[in-house]
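Trainee: This is the structure, below, for whatever I ask next.
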Amino acid sequence: MFILSVLRDNVRVSPADFHKPRSVAITENLHFKYANKVVHNIGLCIRVYDILHADDPVVHACQDGSYKTKVTFRMIVFRPFIDEVLVGKISGSTPYGIKVSMEFFDDIIIPPHRMQPNTIYDASEGVWVWHYEGNELYLDKDQQIRFRVNQLQFNEAGPEHSRELLQRVQAWSGAPAALNSTVGAASLGAVVDGAAEASNEEKIAPFTIDGDILGDGLGCLSWWQ
Amino acid sequence: MEVLDPQLALLSNWEVLAILKEEAESAKRDVLRTPGTQQKFQDLKTVEYEVISFLSKSPCAEQDRQSVSQLLAKLERFNLTKAEKLQIINLKPQSLIDLHLIVEEIESRLSDEYKEEILRAV
């Protein structure tokens with residue numbers, strides 16, 4: 001589930017932190033920048049593991065007196081590998097798939113074609129149901145679910161919307177997303193609402209995982225015990 | 001910012017849990033941190049809290065270095081890949097179905113008695 005990545009970055013330490021040991025000041029800076037953030041194509045950064053090397057600091061005497069140093073460090077990153085089996089909790093269901101959450105990471109989705117055959121969405125209750133040999137097995141909210149990682153998606157946040165991005169937005173919000181975010185309303189309130197709605201629809205997580213529960217042993221834990 | 005090595009090593013869940021718990025302990029004792037900077041570390045505290053909370057409910061919560069190295073020693077003879085050994089440590093399979101999920105092409109690689117042995121070792 002977790003890996004160690006080696007990164008290099010410039011860190012600026014302000015004079016307010018000079019009383020701290022250098023490694024502490026640098027580590028705190030790195031945590032402020034990276035903790036709980038996604039690095040593109042790497043994963044979700046948890047915390048710094050250690051600092052491998054810090055260059056000689058360069059002091060900006062004419063600015064605020066802070067120094068800048070190039071730091072090479074190792075970071076604990078959440079990045080499961082393809083085909084890894086993980087356990088999470090079902091956080092919601094939409095007609096486009098099941099959302100799974102792992103407390104620190106929520107952007108996991110299981111699309112319909114990756115579920116056991118004969119799994120149908122029950123619109124009245126808003127859950128997916130697996131019809132297996134005459135039994136109805138519900139995939140209810142807050143149930144523990146075991147899934148296999150199928151694909152890791154790193155999405156760039158940008159103003160352009162490709163068709164693929166829109167499909168993923170659809171899957172997440174559970175509602176068709178507008179291709180053009182033009183709002184033609186008269187009152188200011190409606191314009192503000194429209195803009196907020198458009199920006200909500202356009203928000204897409206930078207790192208999403210596609211899972212699958214197609215196979216023996218996958219799906220709700222309670223099914224296999 | 002540059003990435004020198006995107007994947008230097010794989011970490012097992014119990015290792016990450018141990019690191020995070022240790023850091024949380026030392027942060028409590030840390031007197032250098034002034035109260036004003038608490039907000040600065042909200043992201044770090046949030047993610048650490050959530051990861052510790054998640055991992056504490058998983059099988060890795062009871063593992064330590066000794067039990068894991070004992071398990072690895074017992075798994076040595078089965079020619080499992082690194083990923084498979086890591087998953088066995090993280091998931092602690094309790095039944096044959098769980099084992100089938102983790103090990104690829106299990107029928108051709110492991111006989112039934114090997115499978116039983118792995119389940120007992122866990």
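In the structure tokens, chains take letters A, B, ... by order of appearance, with residues numbered from 1 within each chain and ligands from 1 in the order shown.
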Find the residues in chain B near chain A: any atom within 9 Å counts, using only C-alpha atoms. Write them as a short mmCIF file (atom, residue, chain, number, x, y, z; two decimals) with N, CA, C and O atoms, in the first residue's frame.
Mentor:
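Produced file iface17.cif, reproduced below:
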```cif
data_model
loop_
_atom_site.label_atom_id
_atom_site.label_comp_id
_atom_site.auth_asym_id
_atom_site.auth_seq_id
_atom_site.Cartn_x
_atom_site.Cartn_y
_atom_site.Cartn_z
N MET B 1 10.80 21.16 -8.09
CA MET B 1 10.70 19.88 -7.43
C MET B 1 10.96 18.77 -8.44
O MET B 1 10.40 18.77 -9.52
N GLU B 2 11.87 17.88 -8.11
CA GLU B 2 12.05 16.75 -9.01
C GLU B 2 11.94 15.43 -8.26
O GLU B 2 12.20 15.34 -7.07
N VAL B 3 11.58 14.43 -9.03
CA VAL B 3 11.44 13.10 -8.46
C VAL B 3 12.69 12.31 -8.83
O VAL B 3 12.98 12.11 -9.99
N LEU B 4 13.46 11.89 -7.82
CA LEU B 4 14.68 11.17 -8.13
C LEU B 4 14.42 9.69 -8.28
O LEU B 4 15.01 9.02 -9.11
N ASP B 5 13.51 9.18 -7.46
CA ASP B 5 13.17 7.76 -7.56
C ASP B 5 11.73 7.59 -7.10
O ASP B 5 11.45 7.70 -5.93
N PRO B 6 10.81 7.35 -8.03
CA PRO B 6 9.40 7.29 -7.63
C PRO B 6 9.10 6.13 -6.69
O PRO B 6 8.19 6.22 -5.89
N GLN B 7 9.84 5.03 -6.80
CA GLN B 7 9.57 3.91 -5.91
C GLN B 7 10.87 3.28 -5.46
O GLN B 7 11.36 2.34 -6.06
N LEU B 8 11.39 3.80 -4.36
CA LEU B 8 12.65 3.28 -3.87
C LEU B 8 12.43 1.95 -3.17
O LEU B 8 13.21 1.01 -3.31
N ALA B 9 11.35 1.88 -2.39
CA ALA B 9 11.10 0.66 -1.62
C ALA B 9 9.62 0.53 -1.35
O ALA B 9 8.89 1.52 -1.37
N LEU B 10 9.19 -0.70 -1.08
CA LEU B 10 7.81 -0.92 -0.65
C LEU B 10 7.80 -0.97 0.86
O LEU B 10 8.70 -1.53 1.48
N LEU B 11 6.79 -0.35 1.45
CA LEU B 11 6.67 -0.40 2.91
C LEU B 11 5.47 -1.23 3.30
O LEU B 11 4.41 -1.10 2.69
N SER B 12 5.63 -2.06 4.31
CA SER B 12 4.46 -2.81 4.75
C SER B 12 3.68 -1.96 5.75
O SER B 12 4.22 -1.01 6.32
N ASN B 13 2.41 -2.33 5.93
CA ASN B 13 1.53 -1.49 6.74
C ASN B 13 2.02 -1.33 8.17
O ASN B 13 1.94 -0.25 8.75
N VAL B 16 4.69 1.36 8.49
CA VAL B 16 4.16 2.72 8.43
C VAL B 16 3.46 3.06 9.73
O VAL B 16 3.62 4.16 10.27
N ILE B 19 6.06 3.81 12.38
CA ILE B 19 6.69 5.12 12.17
C ILE B 19 5.76 6.24 12.61
O ILE B 19 6.14 7.16 13.34
N LEU B 20 4.49 6.15 12.18
CA LEU B 20 3.56 7.23 12.48
C LEU B 20 3.29 7.34 13.98
O LEU B 20 3.22 8.43 14.53
N LEU B 32 9.76 22.38 21.39
CA LEU B 32 10.19 23.48 20.55
C LEU B 32 9.03 24.05 19.72
O LEU B 32 9.11 25.17 19.25
N ARG B 33 8.01 23.24 19.53
CA ARG B 33 6.94 23.72 18.68
C ARG B 33 6.10 24.76 19.41
O ARG B 33 5.50 24.49 20.42
N LYS B 40 -0.46 25.32 11.07
CA LYS B 40 0.35 25.03 9.92
C LYS B 40 0.39 23.53 9.63
O LYS B 40 0.55 23.10 8.53
N PHE B 41 0.25 22.72 10.67
CA PHE B 41 0.41 21.29 10.49
C PHE B 41 -0.91 20.54 10.46
O PHE B 41 -0.96 19.35 10.69
N GLN B 42 -1.96 21.27 10.14
CA GLN B 42 -3.27 20.61 10.15
C GLN B 42 -3.33 19.46 9.16
O GLN B 42 -3.84 18.39 9.46
N ASP B 43 -2.79 19.66 7.97
CA ASP B 43 -2.82 18.60 6.95
C ASP B 43 -2.09 17.37 7.43
O ASP B 43 -2.56 16.24 7.29
N LEU B 44 -0.90 17.60 8.00
CA LEU B 44 -0.10 16.48 8.46
C LEU B 44 -0.83 15.74 9.56
O LEU B 44 -0.92 14.50 9.55
N LYS B 45 -1.37 16.51 10.50
CA LYS B 45 -2.06 15.86 11.63
C LYS B 45 -3.28 15.08 11.14
O LYS B 45 -3.54 13.96 11.60
N THR B 46 -4.00 15.68 10.19
CA THR B 46 -5.20 15.00 9.66
C THR B 46 -4.83 13.68 9.02
O THR B 46 -5.41 12.63 9.33
N VAL B 47 -3.85 13.72 8.11
CA VAL B 47 -3.54 12.50 7.39
C VAL B 47 -2.93 11.45 8.32
O VAL B 47 -3.25 10.27 8.22
N GLU B 48 -2.10 11.91 9.28
CA GLU B 48 -1.52 10.93 10.20
C GLU B 48 -2.59 10.28 11.06
O GLU B 48 -2.61 9.07 11.26
N TYR B 49 -3.50 11.09 11.54
CA TYR B 49 -4.57 10.57 12.38
C TYR B 49 -5.40 9.54 11.62
O TYR B 49 -5.72 8.46 12.12
N GLU B 50 -5.74 9.88 10.36
CA GLU B 50 -6.59 8.98 9.57
C GLU B 50 -5.85 7.69 9.23
O GLU B 50 -6.44 6.60 9.29
N VAL B 51 -4.57 7.81 8.90
CA VAL B 51 -3.83 6.59 8.55
C VAL B 51 -3.69 5.70 9.78
O VAL B 51 -3.88 4.49 9.72
N SER B 53 -5.62 5.62 12.35
CA SER B 53 -6.94 5.07 12.65
C SER B 53 -7.27 3.90 11.74
O SER B 53 -7.77 2.86 12.18
N PHE B 54 -6.98 4.04 10.45
CA PHE B 54 -7.28 2.97 9.50
C PHE B 54 -6.44 1.73 9.76
O PHE B 54 -6.92 0.61 9.78
N SER B 58 -6.70 -2.72 11.05
CA SER B 58 -6.34 -3.77 10.11
C SER B 58 -5.46 -4.80 10.81
O SER B 58 -4.98 -4.55 11.91
N ALA B 83 5.72 -8.98 -4.00
CA ALA B 83 4.37 -8.43 -3.85
C ALA B 83 3.47 -9.40 -3.09
O ALA B 83 2.67 -9.00 -2.25
N GLU B 84 3.63 -10.70 -3.37
CA GLU B 84 2.78 -11.69 -2.69
C GLU B 84 3.12 -11.76 -1.21
O GLU B 84 2.25 -11.83 -0.36
N GLN B 87 1.68 -8.75 0.52
CA GLN B 87 0.24 -8.82 0.71
C GLN B 87 -0.13 -9.81 1.80
O GLN B 87 -1.09 -9.59 2.54
N ASN B 90 0.37 -7.95 4.94
CA ASN B 90 -0.62 -6.89 5.15
C ASN B 90 -2.02 -7.41 5.41
O ASN B 90 -2.76 -6.85 6.19
N LEU B 91 -2.39 -8.48 4.70
CA LEU B 91 -3.78 -8.92 4.75
C LEU B 91 -4.03 -10.09 5.68
O LEU B 91 -5.16 -10.32 6.08
N SER B 95 -8.15 -17.84 5.04
CA SER B 95 -8.76 -19.00 4.40
C SER B 95 -8.13 -19.21 3.04
O SER B 95 -7.39 -18.37 2.54
N ILE B 97 -9.56 -19.12 0.15
CA ILE B 97 -10.01 -18.13 -0.84
C ILE B 97 -9.13 -16.89 -0.78
O ILE B 97 -8.72 -16.35 -1.80
N ASP B 98 -8.83 -16.45 0.45
CA ASP B 98 -7.97 -15.26 0.61
C ASP B 98 -6.62 -15.52 -0.02
O ASP B 98 -6.05 -14.65 -0.69
N HIS B 100 -5.93 -17.56 -2.46
CA HIS B 100 -6.06 -17.61 -3.91
C HIS B 100 -6.02 -16.22 -4.51
O HIS B 100 -5.55 -16.01 -5.62
N LEU B 101 -6.57 -15.28 -3.78
CA LEU B 101 -6.60 -13.89 -4.25
C LEU B 101 -5.20 -13.31 -4.36
O LEU B 101 -4.90 -12.52 -5.25
N ILE B 102 -4.36 -13.69 -3.40
CA ILE B 102 -3.05 -13.05 -3.30
C ILE B 102 -2.03 -13.67 -4.23
O ILE B 102 -1.28 -12.97 -4.91
#
```
Trainee: Taking 6 positions as the minimum chain separation for residues in the same chain, which residues sit within 10 Å of A:Asp142 when counting only C-alpha atoms? Answer as a list of chain:residue names.
Mentor: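 The neighbour list is A:Gly88, A:Lys89, A:Ile90, A:Ser91, A:Gly92, A:Val100, A:Ser101.
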Trainee: Take atom CA of A:Arg146 and atom CA of A:Gly219 and report the distance between them in Å, one decimal.
Mentor: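 That distance, rounded to one decimal, is 5.1 Å.
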Trainee: Find the distance between atom CA of A:Pro111 and atom CA of A:Lys99 and write it in Å to one decimal.
Mentor: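 So the two atoms, atom CA of A:Pro111 and atom CA of A:Lys99, lie 8.9 Å apart.
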Trainee: Neighbours of A:Leu152 within 8 Å (only C-alpha atoms; same-chain residues fewer than 2 positions away dropped), as a PyMOL selection string?
Mentor: chain A and resi 82+149-150+154+207-210
Trainee: With a distance cut-off of 10 Å and only C-alpha atoms, select the neighbouring residues of stretch 69-77 of chain B, excluding the residue or stretch itself and same-chain residues fewer than 6 positions from it, and output the selection as a list in words.
Mentor: Lys85, Leu86, Ile88, Ile89, Tyr114, Glu117, Ile118, Ala121 and Val122 of chain B
Trainee: How far is it from atom CA of A:Thr27 to atom CA of A:His53, in Å with one decimal?
Mentor: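 Distance reported for this atom pair: 11.9 Å.
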Trainee: Going by DSSP on the backbone, which residues of chain B come out as strand (DSSP E)? List them as a ChimeraX atom specification.
Mentor: /B:2-11
Trainee: Skip B:Glu104 itself and residues of its chain fewer than 5 positions away, then list as a PyMOL selection string all residues within 10 Å of it, counting only C-alpha atoms.
Mentor: chain B and resi 80-81+84+99+109
Trainee: How about saving the chosen residues, all heavy atoms kept, as a PDB file, in the first residue's frame?
Mentor:
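Generated file (again17.pdb):
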```pdb
ATOM      1  N   LEU B  80       7.673 -17.238  -3.336  1.00  0.00           N
ATOM      2  CA  LEU B  80       6.651 -16.239  -3.595  1.00  0.00           C
ATOM      3  C   LEU B  80       7.314 -14.944  -4.033  1.00  0.00           C
ATOM      4  O   LEU B  80       8.433 -14.642  -3.655  1.00  0.00           O
ATOM      5  CB  LEU B  80       5.843 -15.964  -2.304  1.00  0.00           C
ATOM      6  CG  LEU B  80       5.068 -17.153  -1.758  1.00  0.00           C
ATOM      7  CD1 LEU B  80       4.590 -16.846  -0.354  1.00  0.00           C
ATOM      8  CD2 LEU B  80       3.889 -17.480  -2.642  1.00  0.00           C
ATOM      9  N   THR B  81       6.597 -14.150  -4.833  1.00  0.00           N
ATOM     10  CA  THR B  81       7.166 -12.870  -5.256  1.00  0.00           C
ATOM     11  C   THR B  81       7.093 -11.878  -4.092  1.00  0.00           C
ATOM     12  O   THR B  81       6.363 -12.083  -3.125  1.00  0.00           O
ATOM     13  CB  THR B  81       6.384 -12.270  -6.432  1.00  0.00           C
ATOM     14  OG1 THR B  81       5.069 -11.935  -5.966  1.00  0.00           O
ATOM     15  CG2 THR B  81       6.270 -13.239  -7.585  1.00  0.00           C
ATOM     16  N   GLU B  84       3.630 -10.696  -3.373  1.00  0.00           N
ATOM     17  CA  GLU B  84       2.784 -11.688  -2.695  1.00  0.00           C
ATOM     18  C   GLU B  84       3.121 -11.763  -1.215  1.00  0.00           C
ATOM     19  O   GLU B  84       2.246 -11.827  -0.358  1.00  0.00           O
ATOM     20  CB  GLU B  84       2.955 -13.062  -3.357  1.00  0.00           C
ATOM     21  CG  GLU B  84       2.275 -13.131  -4.718  1.00  0.00           C
ATOM     22  CD  GLU B  84       2.725 -14.329  -5.535  1.00  0.00           C
ATOM     23  OE1 GLU B  84       3.639 -15.046  -5.096  1.00  0.00           O
ATOM     24  OE2 GLU B  84       2.171 -14.533  -6.624  1.00  0.00           O
ATOM     25  N   LEU B  99      -6.114 -16.714   0.159  1.00  0.00           N
ATOM     26  CA  LEU B  99      -4.795 -17.029  -0.380  1.00  0.00           C
ATOM     27  C   LEU B  99      -4.825 -17.055  -1.903  1.00  0.00           C
ATOM     28  O   LEU B  99      -3.899 -16.598  -2.576  1.00  0.00           O
ATOM     29  CB  LEU B  99      -4.356 -18.385   0.172  1.00  0.00           C
ATOM     30  CG  LEU B  99      -2.854 -18.661   0.183  1.00  0.00           C
ATOM     31  CD1 LEU B  99      -2.120 -17.551   0.911  1.00  0.00           C
ATOM     32  CD2 LEU B  99      -2.593 -19.989   0.857  1.00  0.00           C
ATOM     33  N   ARG B 109       1.546 -23.631  -8.700  1.00  0.00           N
ATOM     34  CA  ARG B 109       2.758 -23.356  -7.939  1.00  0.00           C
ATOM     35  C   ARG B 109       2.797 -23.990  -6.569  1.00  0.00           C
ATOM     36  O   ARG B 109       3.846 -24.322  -6.059  1.00  0.00           O
ATOM     37  CB  ARG B 109       2.928 -21.841  -7.793  1.00  0.00           C
ATOM     38  CG  ARG B 109       3.403 -21.179  -9.070  1.00  0.00           C
ATOM     39  CD  ARG B 109       3.182 -19.705  -9.028  1.00  0.00           C
ATOM     40  NE  ARG B 109       3.969 -19.108  -7.962  1.00  0.00           N
ATOM     41  CZ  ARG B 109       3.858 -17.853  -7.579  1.00  0.00           C
ATOM     42  NH1 ARG B 109       2.975 -17.083  -8.163  1.00  0.00           N
ATOM     43  NH2 ARG B 109       4.606 -17.367  -6.619  1.00  0.00           N
TER      44      ARG B 109
END
```
Trainee: Pick out the closest residue to A:Ser23 from this set: A:Val127, A:Val38, A:Leu221, A:Val48. Count only C-alpha atoms.
Mentor: A:Val48
Trainee: Among stretch 11-132 of chain A, which ones does DSSP place in alpha helix (DSSP H), written as a list in words?
Mentor: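 Alpha helix (DSSP H) assignments inside stretch 11-132 of chain A correspond to Arg22, Ser23, Val24, Ala25, Ile26, Thr27, Glu28, Asn29, Leu30, His31, Phe32, Lys33 and Tyr34 of chain A.
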Trainee: Which residues are near A:Trp128? Cut-off 8 Å, only C-alpha atoms, ignore same chain within fewer than 2 positions. Put them as a PyMOL selection string.
Mentor: chain A and resi 93+98+119-122+126+130+138-140
Trainee: Counting only C-alpha atoms, which residue out of A:Lys68, A:His113, A:Trp223, A:Ala123 sits closest to A:Glu136?
Mentor: A:Trp223
